[in-house]
$ cat coords-v1.pdb   # PDB, C-alpha atoms
ATOM      1  CA  MET A 114      14.767-127.078  11.778  1.00  0.00           C
ATOM      2  CA  ALA A 115      18.000-125.186  12.297  1.00  0.00           C
ATOM      3  CA  THR A 116      21.331-126.548  11.117  1.00  0.00           C
ATOM      4  CA  GLU A 117      24.267-126.946  13.482  1.00  0.00           C
ATOM      5  CA  LEU A 118      26.022-123.989  11.828  1.00  0.00           C
ATOM      6  CA  GLN A 119      22.959-121.793  12.306  1.00  0.00           C
ATOM      7  CA  LYS A 120      22.799-122.709  15.997  1.00  0.00           C
ATOM      8  CA  LEU A 121      26.508-121.935  16.412  1.00  0.00           C
ATOM      9  CA  VAL A 122      26.117-118.585  14.641  1.00  0.00           C
ATOM     10  CA  TRP A 123      23.116-117.592  16.757  1.00  0.00           C
ATOM     11  CA  GLU A 124      24.990-118.466  19.956  1.00  0.00           C
ATOM     12  CA  LYS A 125      28.063-116.498  18.851  1.00  0.00           C
ATOM     13  CA  LEU A 126      25.925-113.436  18.064  1.00  0.00           C
ATOM     14  CA  LYS A 127      25.038-113.196  21.765  1.00  0.00           C
ATOM     15  CA  GLU A 128      28.690-112.397  22.516  1.00  0.00           C
ATOM     16  CA  ILE A 129      28.723-109.139  20.538  1.00  0.00           C
ATOM     17  CA  PRO A 130      28.480-106.323  23.100  1.00  0.00           C
ATOM     18  CA  GLU A 131      25.857-103.617  22.859  1.00  0.00           C
ATOM     19  CA  GLY A 132      27.197-100.552  21.071  1.00  0.00           C
ATOM     20  CA  ARG A 133      29.679-102.593  19.058  1.00  0.00           C
ATOM     21  CA  VAL A 134      29.526-104.168  15.600  1.00  0.00           C
ATOM     22  CA  THR A 135      31.304-107.032  13.912  1.00  0.00           C
ATOM     23  CA  THR A 136      31.553-108.278  10.344  1.00  0.00           C
ATOM     24  CA  TYR A 137      30.471-111.520   8.729  1.00  0.00           C
ATOM     25  CA  LYS A 138      34.156-112.329   8.214  1.00  0.00           C
ATOM     26  CA  HIS A 139      35.013-111.787  11.897  1.00  0.00           C
ATOM     27  CA  LEU A 140      32.041-113.939  12.854  1.00  0.00           C
ATOM     28  CA  ALA A 141      33.107-116.722  10.469  1.00  0.00           C
ATOM     29  CA  ASP A 142      36.668-116.536  11.810  1.00  0.00           C
ATOM     30  CA  ALA A 143      35.352-116.828  15.377  1.00  0.00           C
ATOM     31  CA  LEU A 144      33.558-120.002  14.316  1.00  0.00           C
ATOM     32  CA  ASN A 145      36.714-121.301  12.645  1.00  0.00           C
ATOM     33  CA  THR A 146      35.106-121.524   9.216  1.00  0.00           C
ATOM     34  CA  LYS A 147      35.829-120.014   5.829  1.00  0.00           C
ATOM     35  CA  ALA A 148      32.141-120.326   4.882  1.00  0.00           C
ATOM     36  CA  VAL A 149      31.394-116.612   5.242  1.00  0.00           C
ATOM     37  CA  ARG A 150      28.353-116.783   2.968  1.00  0.00           C
ATOM     38  CA  SER A 151      26.853-119.623   5.000  1.00  0.00           C
ATOM     39  CA  VAL A 152      27.465-117.637   8.170  1.00  0.00           C
ATOM     40  CA  ALA A 153      25.796-114.590   6.585  1.00  0.00           C
ATOM     41  CA  SER A 154      22.839-116.753   5.586  1.00  0.00           C
ATOM     42  CA  ALA A 155      22.525-118.025   9.158  1.00  0.00           C
ATOM     43  CA  VAL A 156      22.622-114.449  10.467  1.00  0.00           C
ATOM     44  CA  GLY A 157      19.797-113.544   8.085  1.00  0.00           C
ATOM     45  CA  LYS A 158      17.707-116.493   9.272  1.00  0.00           C
ATOM     46  CA  ASN A 159      18.044-115.646  12.959  1.00  0.00           C
ATOM     47  CA  PRO A 160      14.547-116.248  14.413  1.00  0.00           C
ATOM     48  CA  TYR A 161      15.429-114.642  17.753  1.00  0.00           C
ATOM     49  CA  ALA A 162      16.142-111.079  16.621  1.00  0.00           C
ATOM     50  CA  PRO A 163      16.651-108.609  18.170  1.00  0.00           C
ATOM     51  CA  ASN A 164      17.288-110.570  21.396  1.00  0.00           C
ATOM     52  CA  VAL A 165      20.017-112.440  19.548  1.00  0.00           C
ATOM     53  CA  PRO A 166      21.635-109.328  18.056  1.00  0.00           C
ATOM     54  CA  CYS A 167      22.150-110.075  14.377  1.00  0.00           C
ATOM     55  CA  HIS A 168      21.688-106.328  13.772  1.00  0.00           C
ATOM     56  CA  ARG A 169      25.237-105.874  15.131  1.00  0.00           C
ATOM     57  CA  VAL A 170      26.742-107.629  12.091  1.00  0.00           C
ATOM     58  CA  VAL A 171      27.723-105.258   9.289  1.00  0.00           C
ATOM     59  CA  LEU A 172      29.744-105.393   6.086  1.00  0.00           C
ATOM     60  CA  SER A 173      33.534-105.071   6.052  1.00  0.00           C
ATOM     61  CA  SER A 174      33.037-101.994   3.871  1.00  0.00           C
ATOM     62  CA  LYS A 175      31.474-100.299   6.948  1.00  0.00           C
ATOM     63  CA  LYS A 176      28.044-100.373   5.272  1.00  0.00           C
ATOM     64  CA  VAL A 177      25.139-101.372   7.472  1.00  0.00           C
ATOM     65  CA  GLY A 178      24.062-104.121   5.088  1.00  0.00           C
ATOM     66  CA  GLN A 179      20.715-105.879   4.957  1.00  0.00           C
ATOM     67  CA  TYR A 180      18.266-106.768   7.720  1.00  0.00           C
ATOM     68  CA  THR A 181      15.528-109.371   7.576  1.00  0.00           C
ATOM     69  CA  HIS A 182      12.679-107.420   9.143  1.00  0.00           C
ATOM     70  CA  ILE A 183       9.507-105.920   7.754  1.00  0.00           C
ATOM     71  CA  LEU A 184      11.158-102.473   8.026  1.00  0.00           C
ATOM     72  CA  GLY A 185      14.468-103.801   6.681  1.00  0.00           C
ATOM     73  CA  VAL A 186      17.609-101.702   6.959  1.00  0.00           C
ATOM     74  CA  LYS A 187      15.678 -98.843   8.546  1.00  0.00           C
ATOM     75  CA  ARG A 188      14.976-101.049  11.564  1.00  0.00           C
ATOM     76  CA  LYS A 189      18.599-102.239  11.737  1.00  0.00           C
ATOM     77  CA  ILE A 190      19.805 -98.646  11.819  1.00  0.00           C
ATOM     78  CA  GLU A 191      17.258 -97.784  14.531  1.00  0.00           C
ATOM     79  CA  LEU A 192      18.486-100.674  16.699  1.00  0.00           C
ATOM     80  CA  LEU A 193      22.140 -99.743  16.224  1.00  0.00           C
ATOM     81  CA  GLN A 194      21.512 -96.073  16.938  1.00  0.00           C
ATOM     82  CA  LYS A 195      19.548 -96.971  20.069  1.00  0.00           C
ATOM     83  CA  GLU A 196      22.719 -98.743  21.253  1.00  0.00           C
ATOM     84  CA  GLY A 197      24.870 -95.686  20.545  1.00  0.00           C
ATOM     85  CA  VAL A 198      26.275 -96.711  17.155  1.00  0.00           C
ATOM     86  CA  VAL A 199      26.462 -93.679  14.872  1.00  0.00           C
ATOM     87  CA  ILE A 200      25.316 -94.271  11.294  1.00  0.00           C
ATOM     88  CA  ASP A 201      25.808 -91.723   8.522  1.00  0.00           C
ATOM     89  CA  ASN A 202      24.634 -92.405   4.976  1.00  0.00           C
ATOM     90  CA  ASN A 203      24.308 -96.159   5.784  1.00  0.00           C
ATOM     91  CA  LEU A 204      27.935 -96.279   6.999  1.00  0.00           C
ATOM     92  CA  VAL A 205      29.096 -97.048  10.535  1.00  0.00           C
ATOM     93  CA  VAL A 206      30.942 -94.011  11.909  1.00  0.00           C
ATOM     94  CA  ASN A 207      34.031 -94.787  14.021  1.00  0.00           C
ATOM     95  CA  PHE A 208      33.976 -98.313  12.623  1.00  0.00           C
ATOM     96  CA  ASP A 209      37.590 -98.989  13.618  1.00  0.00           C
ATOM     97  CA  LYS A 210      36.884 -97.987  17.222  1.00  0.00           C
ATOM     98  CA  ILE A 211      33.725-100.037  17.746  1.00  0.00           C
ATOM     99  CA  ILE A 212      34.497-103.153  15.707  1.00  0.00           C
ATOM    100  CA  PHE A 213      34.264-106.312  17.811  1.00  0.00           C
ATOM    101  CA  SER A 214      36.563-109.210  17.071  1.00  0.00           C
ATOM    102  CA  TRP A 215      36.881-112.398  19.064  1.00  0.00           C
ATOM    103  CA  ASP A 216      40.635-112.301  18.303  1.00  0.00           C
ATOM    104  CA  ALA A 217      40.957-109.232  20.506  1.00  0.00           C
ATOM    105  CA  GLN A 218      39.476-111.054  23.494  1.00  0.00           C
TER     106      GLN A 218
END

$ encode --input "coords-v1.pdb" --output "C-alpha coordinates"
Amino acid sequence: MATELQKLVWEKLKEIPEGRVTTYKHLADALNTKAVRSVASAVGKNPYAPNVPCHRVVLSSKKVGQYTHILGVKRKIELLQKEGVVIDNNLVVNFDKIIFSWDAQ
(Lines of atoms letter the chains of each structure in order from A and count residues from 1; the text may use other names and numbers.)
(Lines give C-alpha, C1' and ligand atoms only; values in the text may rest on other atoms or scores of the structure.)
Protein backbone atom coordinates (compact mmCIF):
# COMPACT_ATOMS: atom_id res chain seq x y z
CA MET A 1 0.00 0.00 0.00
CA ALA A 2 1.31 3.42 -0.96
CA THR A 3 1.97 6.11 1.62
CA GLU A 4 0.41 9.55 1.36
CA LEU A 5 3.79 11.03 0.40
CA GLN A 6 4.23 8.47 -2.37
CA LYS A 7 0.78 9.31 -3.76
CA LEU A 8 1.57 13.03 -3.66
CA VAL A 9 4.92 12.48 -5.41
CA TRP A 10 3.36 10.34 -8.14
CA GLU A 11 0.67 12.97 -8.77
CA LYS A 12 3.26 15.77 -8.92
CA LEU A 13 5.36 13.81 -11.43
CA LYS A 14 2.49 14.07 -13.92
CA GLU A 15 3.02 17.84 -14.04
CA ILE A 16 6.54 17.62 -15.49
CA PRO A 17 6.23 18.42 -19.21
CA GLU A 18 7.60 16.12 -21.87
CA GLY A 19 11.09 17.18 -22.94
CA ARG A 20 11.83 18.75 -19.58
CA VAL A 21 13.53 17.44 -16.43
CA THR A 22 13.40 18.36 -12.78
CA THR A 23 15.45 17.43 -9.73
CA TYR A 24 14.55 15.60 -6.55
CA LYS A 25 15.09 18.88 -4.68
CA HIS A 26 12.72 20.82 -6.96
CA LEU A 27 10.15 18.06 -6.56
CA ALA A 28 10.49 18.10 -2.75
CA ASP A 29 10.19 21.90 -2.75
CA ALA A 30 7.02 21.66 -4.85
CA LEU A 31 5.60 19.32 -2.22
CA ASN A 32 6.65 21.71 0.55
CA THR A 33 8.89 19.16 2.24
CA LYS A 34 12.56 19.01 3.13
CA ALA A 35 12.46 15.19 2.97
CA VAL A 36 14.31 14.96 -0.34
CA ARG A 37 15.44 11.39 0.29
CA SER A 38 11.88 10.27 1.01
CA VAL A 39 10.74 11.97 -2.18
CA ALA A 40 13.53 10.23 -4.12
CA SER A 41 12.48 6.91 -2.60
CA ALA A 42 8.88 7.52 -3.69
CA VAL A 43 10.06 8.35 -7.21
CA GLY A 44 11.96 5.06 -7.31
CA LYS A 45 8.89 3.12 -6.18
CA ASN A 46 6.60 4.60 -8.83
CA PRO A 47 4.51 1.64 -10.06
CA TYR A 48 3.05 3.61 -12.98
CA ALA A 49 6.21 4.32 -14.97
CA PRO A 50 6.60 5.50 -17.65
CA ASN A 51 3.02 6.85 -17.76
CA VAL A 52 3.79 8.72 -14.55
CA PRO A 53 7.12 10.14 -15.76
CA CYS A 54 9.61 9.48 -12.97
CA HIS A 55 12.27 9.24 -15.70
CA ARG A 56 12.11 13.05 -15.92
CA VAL A 57 13.66 13.43 -12.45
CA VAL A 58 17.44 13.78 -12.49
CA LEU A 59 20.19 14.75 -10.07
CA SER A 60 21.07 18.38 -9.34
CA SER A 61 24.55 17.58 -10.67
CA LYS A 62 22.92 17.16 -14.13
CA LYS A 63 23.58 13.40 -14.01
CA VAL A 64 20.76 11.18 -15.19
CA GLY A 65 20.75 9.18 -11.96
CA GLN A 66 19.21 5.79 -11.36
CA TYR A 67 16.10 4.17 -12.83
CA THR A 68 14.15 1.27 -11.40
CA HIS A 69 13.63 -0.79 -14.54
CA ILE A 70 15.07 -4.07 -15.75
CA LEU A 71 17.24 -2.07 -18.19
CA GLY A 72 18.05 0.55 -15.55
CA VAL A 73 19.65 3.83 -16.56
CA LYS A 74 19.83 2.74 -20.19
CA ARG A 75 16.03 2.73 -20.33
CA LYS A 76 15.80 6.11 -18.57
CA ILE A 77 18.13 7.64 -21.14
CA GLU A 78 16.11 6.10 -23.98
CA LEU A 79 12.89 7.61 -22.61
CA LEU A 80 14.45 11.04 -22.15
CA GLN A 81 16.02 11.02 -25.60
CA LYS A 82 12.71 9.97 -27.15
CA GLU A 83 11.27 13.15 -25.61
CA GLY A 84 14.05 15.30 -27.07
CA VAL A 85 16.29 15.55 -24.01
CA VAL A 86 19.94 15.36 -25.07
CA ILE A 87 22.15 13.17 -22.88
CA ASP A 88 25.93 13.08 -23.21
CA ASN A 89 28.06 10.87 -20.98
CA ASN A 90 25.10 10.42 -18.56
CA LEU A 91 24.71 14.21 -18.23
CA VAL A 92 21.71 16.27 -19.31
CA VAL A 93 22.81 18.73 -22.00
CA ASN A 94 21.24 22.20 -21.79
CA PHE A 95 20.17 21.39 -18.24
CA ASP A 96 19.61 25.05 -17.35
CA LYS A 97 17.31 25.53 -20.34
CA ILE A 98 15.11 22.47 -19.82
CA ILE A 99 14.93 22.30 -16.03
CA PHE A 100 11.34 22.38 -14.78
CA SER A 101 10.55 24.06 -11.50
CA TRP A 102 7.12 24.63 -10.02
CA ASP A 103 8.42 27.99 -8.72
CA ALA A 104 8.63 29.24 -12.29
CA GLN A 105 4.95 28.52 -12.91

$ resolve_selection --input "coords-v1.pdb" --expression "the PyMOL selection byres ((chain A and resi 158-164) around 10)" --output "JSON, numbers by chain"
{"A": [115, 119, 120, 122, 123, 126, 127, 152, 153, 154, 155, 156, 157, 165, 166, 167, 168, 169, 180, 181, 182, 189, 192]}

$ write_last_selection --input "coords-v1.pdb" --atoms "C-alpha atoms" --output "tab-separated table (two decimals), keeping the file's coordinate frame"
chain	number	residue	atom	x	y	z
A	115	ALA	CA	18.00	-125.19	12.30
A	119	GLN	CA	22.96	-121.79	12.31
A	120	LYS	CA	22.80	-122.71	16.00
A	122	VAL	CA	26.12	-118.58	14.64
A	123	TRP	CA	23.12	-117.59	16.76
A	126	LEU	CA	25.92	-113.44	18.06
A	127	LYS	CA	25.04	-113.20	21.76
A	152	VAL	CA	27.46	-117.64	8.17
A	153	ALA	CA	25.80	-114.59	6.58
A	154	SER	CA	22.84	-116.75	5.59
A	155	ALA	CA	22.52	-118.02	9.16
A	156	VAL	CA	22.62	-114.45	10.47
A	157	GLY	CA	19.80	-113.54	8.09
A	165	VAL	CA	20.02	-112.44	19.55
A	166	PRO	CA	21.64	-109.33	18.06
A	167	CYS	CA	22.15	-110.08	14.38
A	168	HIS	CA	21.69	-106.33	13.77
A	169	ARG	CA	25.24	-105.87	15.13
A	180	TYR	CA	18.27	-106.77	7.72
A	181	THR	CA	15.53	-109.37	7.58
A	182	HIS	CA	12.68	-107.42	9.14
A	189	LYS	CA	18.60	-102.24	11.74
A	192	LEU	CA	18.49	-100.67	16.70

$ atom_distance --input "coords-v1.pdb" --atom1 "CA of Thr146 in chain A" --atom2 "CA of Leu193 in chain A"
26.3 Å

$ closest_residue --input "coords-v1.pdb" --among "A:Asn203, A:Lys175, A:Glu191, A:Ser151" --to "Thr116 in chain A" --atoms "all atoms listed in the file"
A:Ser151

$ atom_distance --input "coords-v1.pdb" --atom1 "CA of Lys195 in chain A" --atom2 "CA of Val170 in chain A"
15.1 Å

$ atom_distance --input "coords-v1.pdb" --atom1 "CA of Val177 in chain A" --atom2 "CA of Glu128 in chain A"
19.0 Å

$ resolve_selection --input "coords-v1.pdb" --expression "the PyMOL selection byres ((chain A and resi 202) around 12)" --output "CSV table (one decimal) with C-alpha atoms, in the frame of the given file"
chain,number,residue,atom,x,y,z
A,175,LYS,CA,31.5,-100.3,6.9
A,176,LYS,CA,28.0,-100.4,5.3
A,177,VAL,CA,25.1,-101.4,7.5
A,178,GLY,CA,24.1,-104.1,5.1
A,186,VAL,CA,17.6,-101.7,7.0
A,187,LYS,CA,15.7,-98.8,8.5
A,190,ILE,CA,19.8,-98.6,11.8
A,199,VAL,CA,26.5,-93.7,14.9
A,200,ILE,CA,25.3,-94.3,11.3
A,201,ASP,CA,25.8,-91.7,8.5
A,203,ASN,CA,24.3,-96.2,5.8
A,204,LEU,CA,27.9,-96.3,7.0
A,205,VAL,CA,29.1,-97.0,10.5
A,206,VAL,CA,30.9,-94.0,11.9

$ closest_residue --input "coords-v1.pdb" --among "A:Ile183, A:Glu117, A:Ser173, A:Val198" --to "Leu140 in chain A" --atoms "all atoms listed in the file"
A:Ser173

$ closest_residue --input "coords-v1.pdb" --among "A:Arg150, A:Arg188, A:Lys210, A:His139" --to "Leu118 in chain A" --atoms "all atoms listed in the file"
A:Arg150

$ closest_residue --input "coords-v1.pdb" --among "A:Gly185, A:Val171, A:Ile211, A:Lys125" --to "Lys138 in chain A" --atoms "only C-alpha atoms"
A:Val171

$ closest_residue --input "coords-v1.pdb" --among "A:Ser174, A:Trp215, A:Met114, A:Pro130" --to "Gly197 in chain A" --atoms "all atoms listed in the file"
A:Pro130

$ decode --input "coords-v1.pdb" --residues "range 153-178 of chain A" --atoms "N, CA and C atoms" --output "mmCIF file, in the first residue's frame"
data_model
loop_
_atom_site.group_PDB
_atom_site.id
_atom_site.type_symbol
_atom_site.label_atom_id
_atom_site.label_comp_id
_atom_site.auth_asym_id
_atom_site.auth_seq_id
_atom_site.Cartn_x
_atom_site.Cartn_y
_atom_site.Cartn_z
ATOM 1 N N ALA A 153 12.758 11.042 -3.168
ATOM 2 C CA ALA A 153 13.530 10.226 -4.115
ATOM 3 C C ALA A 153 13.127 8.761 -4.012
ATOM 4 N N SER A 154 12.912 8.291 -2.808
ATOM 5 C CA SER A 154 12.476 6.905 -2.604
ATOM 6 C C SER A 154 11.111 6.670 -3.243
ATOM 7 N N ALA A 155 10.213 7.630 -3.081
ATOM 8 C CA ALA A 155 8.880 7.521 -3.685
ATOM 9 C C ALA A 155 8.971 7.506 -5.207
ATOM 10 N N VAL A 156 9.854 8.332 -5.761
ATOM 11 C CA VAL A 156 10.057 8.352 -7.213
ATOM 12 C C VAL A 156 10.503 6.967 -7.679
ATOM 13 N N GLY A 157 11.438 6.375 -6.956
ATOM 14 C CA GLY A 157 11.963 5.060 -7.307
ATOM 15 C C GLY A 157 10.958 3.937 -7.172
ATOM 16 N N LYS A 158 9.914 4.154 -6.390
ATOM 17 C CA LYS A 158 8.888 3.123 -6.183
ATOM 18 C C LYS A 158 7.648 3.355 -7.038
ATOM 19 N N ASN A 159 7.727 4.276 -7.959
ATOM 20 C CA ASN A 159 6.605 4.603 -8.833
ATOM 21 C C ASN A 159 6.163 3.366 -9.628
ATOM 22 N N PRO A 160 4.963 2.839 -9.350
ATOM 23 C CA PRO A 160 4.505 1.640 -10.064
ATOM 24 C C PRO A 160 3.872 1.953 -11.422
ATOM 25 N N TYR A 161 3.761 3.214 -11.767
ATOM 26 C CA TYR A 161 3.047 3.613 -12.979
ATOM 27 C C TYR A 161 3.960 4.094 -14.107
ATOM 28 N N ALA A 162 5.257 3.882 -13.946
ATOM 29 C CA ALA A 162 6.214 4.317 -14.969
ATOM 30 C C ALA A 162 5.998 3.523 -16.254
ATOM 31 N N PRO A 163 6.212 4.130 -17.387
ATOM 32 C CA PRO A 163 6.604 5.499 -17.654
ATOM 33 C C PRO A 163 5.423 6.466 -17.801
ATOM 34 N N ASN A 164 4.186 5.959 -17.630
ATOM 35 C CA ASN A 164 3.023 6.849 -17.758
ATOM 36 C C ASN A 164 3.054 7.979 -16.738
ATOM 37 N N VAL A 165 3.502 7.684 -15.550
ATOM 38 C CA VAL A 165 3.791 8.720 -14.553
ATOM 39 C C VAL A 165 5.308 8.900 -14.649
ATOM 40 N N PRO A 166 5.754 10.008 -15.245
ATOM 41 C CA PRO A 166 7.120 10.136 -15.755
ATOM 42 C C PRO A 166 8.224 10.365 -14.723
ATOM 43 N N CYS A 167 8.511 9.363 -13.935
ATOM 44 C CA CYS A 167 9.605 9.478 -12.971
ATOM 45 C C CYS A 167 10.954 9.569 -13.677
ATOM 46 N N HIS A 168 11.012 9.151 -14.944
ATOM 47 C CA HIS A 168 12.272 9.237 -15.701
ATOM 48 C C HIS A 168 12.695 10.682 -15.936
ATOM 49 N N ARG A 169 11.796 11.630 -15.710
ATOM 50 C CA ARG A 169 12.111 13.054 -15.918
ATOM 51 C C ARG A 169 12.763 13.693 -14.690
ATOM 52 N N VAL A 170 13.004 12.907 -13.648
ATOM 53 C CA VAL A 170 13.660 13.425 -12.447
ATOM 54 C C VAL A 170 15.131 13.013 -12.492
ATOM 55 N N VAL A 171 16.002 14.011 -12.413
ATOM 56 C CA VAL A 171 17.443 13.779 -12.493
ATOM 57 C C VAL A 171 18.135 14.418 -11.283
ATOM 58 N N LEU A 172 19.418 14.198 -11.183
ATOM 59 C CA LEU A 172 20.194 14.755 -10.074
ATOM 60 C C LEU A 172 20.525 16.225 -10.311
ATOM 61 N N SER A 173 20.694 16.962 -9.250
ATOM 62 C CA SER A 173 21.073 18.383 -9.345
ATOM 63 C C SER A 173 22.416 18.574 -10.029
ATOM 64 N N SER A 174 23.231 17.536 -10.022
ATOM 65 C CA SER A 174 24.548 17.581 -10.671
ATOM 66 C C SER A 174 24.453 17.436 -12.190
ATOM 67 N N LYS A 175 23.221 17.338 -12.708
ATOM 68 C CA LYS A 175 22.923 17.160 -14.130
ATOM 69 C C LYS A 175 23.076 15.719 -14.584
ATOM 70 N N LYS A 176 23.478 14.823 -13.669
ATOM 71 C CA LYS A 176 23.581 13.401 -14.005
ATOM 72 C C LYS A 176 22.185 12.806 -14.106
ATOM 73 N N VAL A 177 22.053 11.833 -14.967
ATOM 74 C CA VAL A 177 20.765 11.178 -15.191
ATOM 75 C C VAL A 177 20.269 10.494 -13.914
ATOM 76 N N GLY A 178 21.156 9.872 -13.187
ATOM 77 C CA GLY A 178 20.754 9.184 -11.963
ATOM 78 C C GLY A 178 20.275 7.771 -12.244
#
